[in-house]
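First the structure, in the form of structure tokens, and then the observations on it.
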Amino acid sequence: MSAPQPQPHTTVGELAARAARWLGLDQPTPQYRHAVVGDRLDEHTWTQTRDEAQALGVLENRISDGHTHPGDLLHDMFLAAYKAQPRIRDAEDMLVSRLPNHAVVSSITETPEWRTLHRHTVGDRHAAAMAVLAHADALRSWSADSHQAQSVADDADRHTRDARDATDAVTAAFDDAAMGRDLSDPVPDQQVDIVDQAIAEASAAAATAADATAGAQHAAAEVGAALRASLRAAADKAAQDAAAEHALTAAWNIADEQLERMSFRERTALAQRLRSGRLGEFADLIGRFRVMAAGISARRSSHGRDEVIGVTLGDDLSRLIPSELAAIGVPALRAVFAARHAEQQLVIYQTIGPQPESRGAIVACIDCSPSMRHRHPGPGGREVTREAWARACGLALLDQARRQRRDFVAVMFAAADDVSVYRFPAGDDPLLDQVLAFADHPSGHGTDFRAPLEQASEILARQYNRDGAVKGDIVLITDGEDHLADTWLSRWRDRKTRLGFRTFIIAIDTAPTDTLTALADHLTLVDDLVPAAADEVFALL
């Protein structure tokens, strides 16, 4: 009987093939904390906003009881609102512990309510942060309900780390076995056994991690689905709030560039100021007045007449000379006509529009007496105060002056010793703080016409002496009456003739008294506080 043949030793190459799966040849893709893909600028924007918005920190603390990664969730929701085209990572690319976050973000961003909200928040970090905060109640409820799902995800994350450690152990065991040997060299049985044991443990750990991950994905999906209704409701409410704030800033003519320069705290304070107190009462009126005034200005511009001063070359078909018009009717000339039109070589009339003259300021004298707080029917049947209507009218007059490149001055008056002046030169963009101070000027006591009118005429006189500007306009908005002596009215008429200004009076719920009739070149009586009540004044200015 022959002796048994010795078993061949396992070579390094054979051992490498056996352990190939665990030697970096089939490693998983990198896994991420954040569900929304962001760059360095996005991270900077989030960090800056989080540091400025204390409410985000408060919310993070409140949802941390049942959730181990609340900061990452708020980060993802912020970027989903802020970025123009947010990209959500696949669940397989996420750290397992962040699967609940991924489920929330995936669930909410797929809803029509979020898409509507996103139109108001994209590129606006304040609006994006407010969108996150608007989901506070839903997130707190989710945090309490997701404790089990988060626990499963954390366990799965631990199993995943164990599987990676086991993989590293395979690599370490193989490196020891292969050290100093070529692929064809045999490996001692003891070292082969160590590698095989490491492979078995890695296989078991990988299977456990895979099962745990599948369980975590299922649990996260269930929580996300359960939360979907409350997330949709929160997004819908947030979209309405964002639209209302956008309408509010638009009504106040606040440019996006101004808002972008504000810190989160400044922007929040501004929104609160515009929504509350006296300013909150007439935001809707401001927008309506501005639309009315802009429409009148546009109609005036479109019906303006130009003076023909010669001919030139161009492509304006509305100014073709007759011979060019005749060429259109000749089929053989149409191709030539089209080529000359494309090259701007058609013969057209050269015109010049009316040249703007140096006009004096628009000075709005606005009554701030206590009676201006009385309410009347306004737009849509909603009651508004006389004060709100008058100041909204004043802001529209400021716009009118800017369109006409004229100075605007607001003279806020009550008693003779209670007169304040807000100046808005034509060449300067109005400062927001000054506009709000004008609109939010406090009420006074009493009604005296002489002091504000003398102040207004003095403003026009100084402008006349400085620039030679004439044809200024004084607009007095009041609900009161004041006796003016004949000697004072005589001096007033003399000054008006010398400076060439006009006086418009808008009398709210007031009869056409002798004083008002004597003062006014144009008297408007207002009962219903709607912008259209003053449209004739804007048409004449």
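Ordered as shown in the structure tokens, chains take letters A, B, and onward, while each chain numbers its residues from 1 and ligands are numbered from 1 in the order shown.
Summary of the local environment: counting only C-alpha atoms, residues at most 9 Å from segment 420-429 of chain A, other than itself and those fewer than 5 positions away along its chain, are A:Ala361, A:Leu398, A:Ala401, A:Arg402, A:Gln404, A:Arg405, A:Arg406, A:Asp407, A:Phe408, A:Val409, A:Ala410, A:Val411, A:Met412, A:Phe413, A:Gln434, A:Val435, A:Ala437, A:Phe438, A:His441, A:Pro452, A:Gln455.
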Writer output for current selection, N, CA, C and O atoms, as a PDB file, in the first residue's frame:
```pdb
ATOM      1  N   ALA A 361     -40.540 120.066  -6.648  1.00  0.00           N
ATOM      2  CA  ALA A 361     -40.814 118.857  -5.883  1.00  0.00           C
ATOM      3  C   ALA A 361     -42.314 118.585  -5.771  1.00  0.00           C
ATOM      4  O   ALA A 361     -43.152 119.472  -5.972  1.00  0.00           O
ATOM      5  N   LEU A 398     -44.537 109.354  -3.572  1.00  0.00           N
ATOM      6  CA  LEU A 398     -43.080 109.214  -3.609  1.00  0.00           C
ATOM      7  C   LEU A 398     -42.659 108.471  -4.881  1.00  0.00           C
ATOM      8  O   LEU A 398     -41.706 108.880  -5.570  1.00  0.00           O
ATOM      9  N   ALA A 401     -43.039 110.778  -7.872  1.00  0.00           N
ATOM     10  CA  ALA A 401     -41.956 111.759  -7.964  1.00  0.00           C
ATOM     11  C   ALA A 401     -40.695 111.114  -8.532  1.00  0.00           C
ATOM     12  O   ALA A 401     -39.997 111.715  -9.364  1.00  0.00           O
ATOM     13  N   ARG A 402     -40.387 109.900  -8.124  1.00  0.00           N
ATOM     14  CA  ARG A 402     -39.191 109.228  -8.622  1.00  0.00           C
ATOM     15  C   ARG A 402     -39.312 108.924 -10.115  1.00  0.00           C
ATOM     16  O   ARG A 402     -38.324 109.053 -10.850  1.00  0.00           O
ATOM     17  N   GLN A 404     -40.837 110.695 -12.223  1.00  0.00           N
ATOM     18  CA  GLN A 404     -40.703 111.980 -12.914  1.00  0.00           C
ATOM     19  C   GLN A 404     -39.387 112.684 -12.599  1.00  0.00           C
ATOM     20  O   GLN A 404     -39.183 113.823 -12.999  1.00  0.00           O
ATOM     21  N   ARG A 405     -38.511 111.995 -11.879  1.00  0.00           N
ATOM     22  CA  ARG A 405     -37.191 112.537 -11.494  1.00  0.00           C
ATOM     23  C   ARG A 405     -37.342 113.867 -10.745  1.00  0.00           C
ATOM     24  O   ARG A 405     -36.632 114.843 -10.979  1.00  0.00           O
ATOM     25  N   ARG A 406     -38.271 113.850  -9.808  1.00  0.00           N
ATOM     26  CA  ARG A 406     -38.536 115.042  -8.996  1.00  0.00           C
ATOM     27  C   ARG A 406     -38.256 114.719  -7.534  1.00  0.00           C
ATOM     28  O   ARG A 406     -38.382 113.576  -7.095  1.00  0.00           O
ATOM     29  N   ASP A 407     -37.880 115.748  -6.769  1.00  0.00           N
ATOM     30  CA  ASP A 407     -37.753 115.581  -5.325  1.00  0.00           C
ATOM     31  C   ASP A 407     -39.123 115.284  -4.735  1.00  0.00           C
ATOM     32  O   ASP A 407     -40.164 115.693  -5.269  1.00  0.00           O
ATOM     33  N   PHE A 408     -39.106 114.551  -3.623  1.00  0.00           N
ATOM     34  CA  PHE A 408     -40.341 114.331  -2.879  1.00  0.00           C
ATOM     35  C   PHE A 408     -40.080 114.685  -1.421  1.00  0.00           C
ATOM     36  O   PHE A 408     -39.032 114.344  -0.866  1.00  0.00           O
ATOM     37  N   VAL A 409     -41.057 115.372  -0.841  1.00  0.00           N
ATOM     38  CA  VAL A 409     -40.954 115.743   0.567  1.00  0.00           C
ATOM     39  C   VAL A 409     -42.292 115.429   1.232  1.00  0.00           C
ATOM     40  O   VAL A 409     -43.353 115.771   0.698  1.00  0.00           O
ATOM     41  N   ALA A 410     -42.233 114.741   2.368  1.00  0.00           N
ATOM     42  CA  ALA A 410     -43.432 114.475   3.161  1.00  0.00           C
ATOM     43  C   ALA A 410     -43.419 115.389   4.373  1.00  0.00           C
ATOM     44  O   ALA A 410     -42.441 115.419   5.121  1.00  0.00           O
ATOM     45  N   VAL A 411     -44.484 116.148   4.540  1.00  0.00           N
ATOM     46  CA  VAL A 411     -44.633 117.032   5.696  1.00  0.00           C
ATOM     47  C   VAL A 411     -45.770 116.466   6.542  1.00  0.00           C
ATOM     48  O   VAL A 411     -46.936 116.518   6.148  1.00  0.00           O
ATOM     49  N   MET A 412     -45.419 115.902   7.685  1.00  0.00           N
ATOM     50  CA  MET A 412     -46.402 115.291   8.567  1.00  0.00           C
ATOM     51  C   MET A 412     -46.795 116.319   9.623  1.00  0.00           C
ATOM     52  O   MET A 412     -45.930 116.853  10.337  1.00  0.00           O
ATOM     53  N   PHE A 413     -48.100 116.601   9.726  1.00  0.00           N
ATOM     54  CA  PHE A 413     -48.498 117.726  10.579  1.00  0.00           C
ATOM     55  C   PHE A 413     -49.689 117.376  11.452  1.00  0.00           C
ATOM     56  O   PHE A 413     -50.481 116.483  11.153  1.00  0.00           O
ATOM     57  N   GLN A 434     -35.799 105.335   6.300  1.00  0.00           N
ATOM     58  CA  GLN A 434     -36.465 106.640   6.205  1.00  0.00           C
ATOM     59  C   GLN A 434     -37.892 106.491   5.682  1.00  0.00           C
ATOM     60  O   GLN A 434     -38.819 107.167   6.148  1.00  0.00           O
ATOM     61  N   VAL A 435     -38.080 105.588   4.710  1.00  0.00           N
ATOM     62  CA  VAL A 435     -39.429 105.341   4.187  1.00  0.00           C
ATOM     63  C   VAL A 435     -40.338 104.816   5.294  1.00  0.00           C
ATOM     64  O   VAL A 435     -41.480 105.271   5.456  1.00  0.00           O
ATOM     65  N   ALA A 437     -39.910 105.193   8.523  1.00  0.00           N
ATOM     66  CA  ALA A 437     -40.121 106.246   9.522  1.00  0.00           C
ATOM     67  C   ALA A 437     -41.214 107.202   9.062  1.00  0.00           C
ATOM     68  O   ALA A 437     -42.062 107.640   9.861  1.00  0.00           O
ATOM     69  N   PHE A 438     -41.213 107.559   7.788  1.00  0.00           N
ATOM     70  CA  PHE A 438     -42.258 108.419   7.227  1.00  0.00           C
ATOM     71  C   PHE A 438     -43.625 107.738   7.356  1.00  0.00           C
ATOM     72  O   PHE A 438     -44.601 108.338   7.836  1.00  0.00           O
ATOM     73  N   HIS A 441     -44.903 107.435  11.053  1.00  0.00           N
ATOM     74  CA  HIS A 441     -44.838 108.657  11.861  1.00  0.00           C
ATOM     75  C   HIS A 441     -45.983 108.677  12.879  1.00  0.00           C
ATOM     76  O   HIS A 441     -47.129 108.367  12.543  1.00  0.00           O
ATOM     77  N   PRO A 452     -47.797 123.545   8.010  1.00  0.00           N
ATOM     78  CA  PRO A 452     -47.308 122.642   6.956  1.00  0.00           C
ATOM     79  C   PRO A 452     -47.302 123.276   5.577  1.00  0.00           C
ATOM     80  O   PRO A 452     -46.395 123.028   4.781  1.00  0.00           O
ATOM     81  N   GLN A 455     -44.356 125.525   5.359  1.00  0.00           N
ATOM     82  CA  GLN A 455     -43.170 124.683   5.226  1.00  0.00           C
ATOM     83  C   GLN A 455     -43.043 124.174   3.790  1.00  0.00           C
ATOM     84  O   GLN A 455     -41.955 124.182   3.205  1.00  0.00           O
TER      85      GLN A 455
END
```
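Of note, atom CA of Leu117 of chain A and atom CA of Ala81 of chain A are spaced 7.8 Å apart.
The shortest atom-to-atom distance to His75 of chain A, with only C-alpha atoms taken into account, belongs to A:Asp42 out of A:Asp193, A:Asp42, A:Glu52, A:Asp211.
You will find atom CA of Ala198 of chain A at 5.1 Å from atom CA of Val170 of chain A.
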Which residues, written as a ChimeraX atom specification, have at least one atom at most 10 Å from Asn253 of chain A, with only C-alpha atoms counted and residues fewer than 2 positions away on the same chain left out? /A:247-251,255-256,286-287,290,395,399,432
Same residues, N, CA, C and O atoms, saved as a PDB file, in the first residue's frame:
```
ATOM      1  N   ALA A 247     -45.291  89.245  -0.911  1.00  0.00           N
ATOM      2  CA  ALA A 247     -46.232  90.303  -1.295  1.00  0.00           C
ATOM      3  C   ALA A 247     -46.027  91.543  -0.431  1.00  0.00           C
ATOM      4  O   ALA A 247     -46.142  92.679  -0.901  1.00  0.00           O
ATOM      5  N   LEU A 248     -45.708  91.315   0.845  1.00  0.00           N
ATOM      6  CA  LEU A 248     -45.506  92.428   1.762  1.00  0.00           C
ATOM      7  C   LEU A 248     -44.289  93.255   1.359  1.00  0.00           C
ATOM      8  O   LEU A 248     -44.363  94.490   1.270  1.00  0.00           O
ATOM      9  N   THR A 249     -43.166  92.606   1.109  1.00  0.00           N
ATOM     10  CA  THR A 249     -41.963  93.343   0.718  1.00  0.00           C
ATOM     11  C   THR A 249     -42.137  93.987  -0.657  1.00  0.00           C
ATOM     12  O   THR A 249     -41.618  95.078  -0.903  1.00  0.00           O
ATOM     13  N   ALA A 250     -42.886  93.313  -1.543  1.00  0.00           N
ATOM     14  CA  ALA A 250     -43.141  93.907  -2.858  1.00  0.00           C
ATOM     15  C   ALA A 250     -44.015  95.141  -2.723  1.00  0.00           C
ATOM     16  O   ALA A 250     -43.800  96.152  -3.416  1.00  0.00           O
ATOM     17  N   ALA A 251     -45.011  95.078  -1.835  1.00  0.00           N
ATOM     18  CA  ALA A 251     -45.881  96.236  -1.627  1.00  0.00           C
ATOM     19  C   ALA A 251     -45.088  97.441  -1.127  1.00  0.00           C
ATOM     20  O   ALA A 251     -45.357  98.588  -1.510  1.00  0.00           O
ATOM     21  N   ALA A 255     -36.419  96.005  -2.610  1.00  0.00           N
ATOM     22  CA  ALA A 255     -35.751  95.196  -3.628  1.00  0.00           C
ATOM     23  C   ALA A 255     -35.126  93.959  -3.005  1.00  0.00           C
ATOM     24  O   ALA A 255     -34.731  93.960  -1.833  1.00  0.00           O
ATOM     25  N   ASP A 256     -35.015  92.910  -3.817  1.00  0.00           N
ATOM     26  CA  ASP A 256     -34.387  91.673  -3.347  1.00  0.00           C
ATOM     27  C   ASP A 256     -32.952  91.934  -2.892  1.00  0.00           C
ATOM     28  O   ASP A 256     -32.462  91.309  -1.945  1.00  0.00           O
ATOM     29  N   ILE A 286     -50.958  99.983   0.223  1.00  0.00           N
ATOM     30  CA  ILE A 286     -49.759 100.484  -0.444  1.00  0.00           C
ATOM     31  C   ILE A 286     -49.620  99.841  -1.813  1.00  0.00           C
ATOM     32  O   ILE A 286     -49.395 100.516  -2.821  1.00  0.00           O
ATOM     33  N   GLY A 287     -49.752  98.525  -1.862  1.00  0.00           N
ATOM     34  CA  GLY A 287     -49.642  97.839  -3.140  1.00  0.00           C
ATOM     35  C   GLY A 287     -50.692  98.296  -4.128  1.00  0.00           C
ATOM     36  O   GLY A 287     -50.398  98.519  -5.309  1.00  0.00           O
ATOM     37  N   ARG A 290     -49.861 101.777  -5.444  1.00  0.00           N
ATOM     38  CA  ARG A 290     -48.728 101.776  -6.377  1.00  0.00           C
ATOM     39  C   ARG A 290     -49.125 101.221  -7.736  1.00  0.00           C
ATOM     40  O   ARG A 290     -48.669 101.702  -8.770  1.00  0.00           O
ATOM     41  N   LEU A 395     -46.962 107.348  -0.065  1.00  0.00           N
ATOM     42  CA  LEU A 395     -45.911 106.485  -0.608  1.00  0.00           C
ATOM     43  C   LEU A 395     -46.042 106.354  -2.123  1.00  0.00           C
ATOM     44  O   LEU A 395     -45.028 106.286  -2.841  1.00  0.00           O
ATOM     45  N   ASP A 399     -43.352 107.394  -5.211  1.00  0.00           N
ATOM     46  CA  ASP A 399     -43.052 106.676  -6.448  1.00  0.00           C
ATOM     47  C   ASP A 399     -43.260 107.558  -7.673  1.00  0.00           C
ATOM     48  O   ASP A 399     -42.468 107.541  -8.621  1.00  0.00           O
ATOM     49  N   LEU A 432     -34.598 102.650   3.157  1.00  0.00           N
ATOM     50  CA  LEU A 432     -35.738 101.918   3.697  1.00  0.00           C
ATOM     51  C   LEU A 432     -36.116 102.431   5.077  1.00  0.00           C
ATOM     52  O   LEU A 432     -37.308 102.610   5.375  1.00  0.00           O
TER      53      LEU A 432
END
```
DSSP says alpha helix (DSSP H) for which residues of segment 440-501 of chain A? Put them as a PyMOL selection string? chain A and resi 450-467+486-499
List the spatial neighbours of Arg98 of chain A as a PyMOL selection string - criterion: any atom at most 12 Å away, only C-alpha atoms, same-chain residues fewer than 4 positions off excluded. chain A and resi 31-36+67-73+76+89-94+102-105+149-157+213+216-217+220
